[in-house]
Amino acid sequence: GGQAPAEAGDFEMWGLMFFPGLLWAFSRLYEKTNIANALFCAIFTAGLLTSHNLSAMLFIPIVVVWVIFLFFQKKVIKFLWFSLAGTVLGVCLASFYLFPMLFEKNLVHVETTTYGYFGFTEHFKGFKKLLDRSWGYGTSIREVPGGGKDGLSYQIGWIHLLGWVLALYSSYKLWRKNRYLSLSIIFSTAILLFSIFMINPRSQFIWDGAPPLKYLQFPWRFLLVVIFFISFVSGSVF
């Protein structure tokens with residue numbers, strides 16, 4: 001069976017809620033590497049994998065990069081081993097859902113979710129669309145001259161953009177006092193810029209070169225990543 005758009009959106013929100021917990025868990029493991037914190041990593045990994053698999057496709061690579069980023073702060077091998085153990089345990093906890101999805105994919109017509117209206121090429125959004133202040137509702141469509149208008153809002157809020165700019169200023173001011181926090185802001189900014197680029201049609205060569213991305217269907221799903229990281233860096237102002 002299929003999912004109604006509202007139901008699919010609900011699952012995406014669950015995925016979005018697990019993501020900050022996952023980054024928190026690995027940061028906690030970095031600060032104190034022990035079994036208890038590795039279990040936190042496992043629980044949040046399992047929660048993300050079972051809540052919304054497409055959100056997991058977006059977030060898991062970022063978490064891997066985050067762990068590598070943390071590792072190079074102190075270069076403690078024990079942290080990497082515990083991170084790997086927590087991740088593997090999380091996959092095992094989610095295996096009742098994850099393994100059938102991966103190994104029985106050939107038993108369902110999953111290909112029907114990647115072409116026609118659901119093809120990713122139909123849902124790119126330009127930079128102007130992310131700054132458009134209009135607000136509406138409807139379905140995501142490809143806007144062409146003389147065609148229908150996309151009523152959905154994909155805007156990144158002005159307050160969020162202001163928070164991002166102030167965070168960059170914070171990164172500059174904190175470079176000598178708190179190098180870790182300053183680098184965290186730079187790391188988050190790189191993720192933000194990449195996510196915004198992935199929504200733009202100019203990123204199609206990346207989508208074409210990474211076939212699994214087609215299952216995301218809507219490039220503007222990367223707004224999930226933008227929502228988190230732009231809020232994350234804004235907190236550095238305080």
# chains A, B, ... in the order shown; residues from 1 in each chain; ligands from 1
call {"tool": "select_by_dssp", "arguments": {"residues": "range 10-162 of chain A", "states": "alpha helix (DSSP H)", "output": "PyMOL selection string"}}
result
chain A and resi 10-31+35-51+53-74+77-93+95-103+127-131+158-162
call {"tool": "closest_atom_pairs", "arguments": {"of": "range 135-194 of chain A", "to": "range 73-86 of chain A", "cutoff": "10 Å", "atoms": "only C-alpha atoms", "output": "JSON lines"}}
result
{"residue": "A:Arg179", "atom": "CA", "partner": "A:Gln73", "partner_atom": "CA", "distance": 9.6}
{"residue": "A:Tyr180", "atom": "CA", "partner": "A:Gln73", "partner_atom": "CA", "distance": 7.5}
{"residue": "A:Leu183", "atom": "CA", "partner": "A:Gln73", "partner_atom": "CA", "distance": 9.9}
call {"tool": "closest_residue", "arguments": {"among": "A:Leu224, A:Val67, A:Leu192, A:Val108", "to": "Phe18 in chain A", "atoms": "only C-alpha atoms"}}
result
A:Leu224
call {"tool": "closest_residue", "arguments": {"among": "A:Met13, A:Phe222, A:Ala38, A:Val65", "to": "Ala25 in chain A", "atoms": "only C-alpha atoms"}}
result
A:Ala38
call {"tool": "residues_around", "arguments": {"residues": "Asn53 in chain A", "least_positions_apart": "2", "cutoff": "12 Å", "atoms": "only C-alpha atoms", "output": "JSON, numbers by chain"}}
result
{"A": [8, 11, 12, 13, 14, 15, 16, 45, 46, 47, 48, 49, 50, 51, 55, 56, 57, 58, 59, 60, 94, 97, 98, 99, 101, 102, 215, 216]}
call {"tool": "closest_residue", "arguments": {"among": "A:Tyr172, A:Trp66, A:Tyr154, A:Phe124", "to": "Ile199 in chain A", "atoms": "only C-alpha atoms"}}
result
A:Phe124
call {"tool": "closest_residue", "arguments": {"among": "A:Trp158, A:Ser170, A:Val144, A:Gly119", "to": "Pro211 in chain A", "atoms": "only C-alpha atoms"}}
result
A:Gly119
call {"tool": "closest_residue", "arguments": {"among": "A:Gly235, A:Val88, A:Thr121, A:Leu166", "to": "Phe205 in chain A", "atoms": "only C-alpha atoms"}}
result
A:Thr121
call {"tool": "atom_distance", "arguments": {"atom1": "CA of Gly136 in chain A", "atom2": "CA of Gly151 in chain A"}}
result
5.0 Å
call {"tool": "atom_distance", "arguments": {"atom1": "CA of Glu122 in chain A", "atom2": "CA of Pro201 in chain A"}}
result
9.6 Å
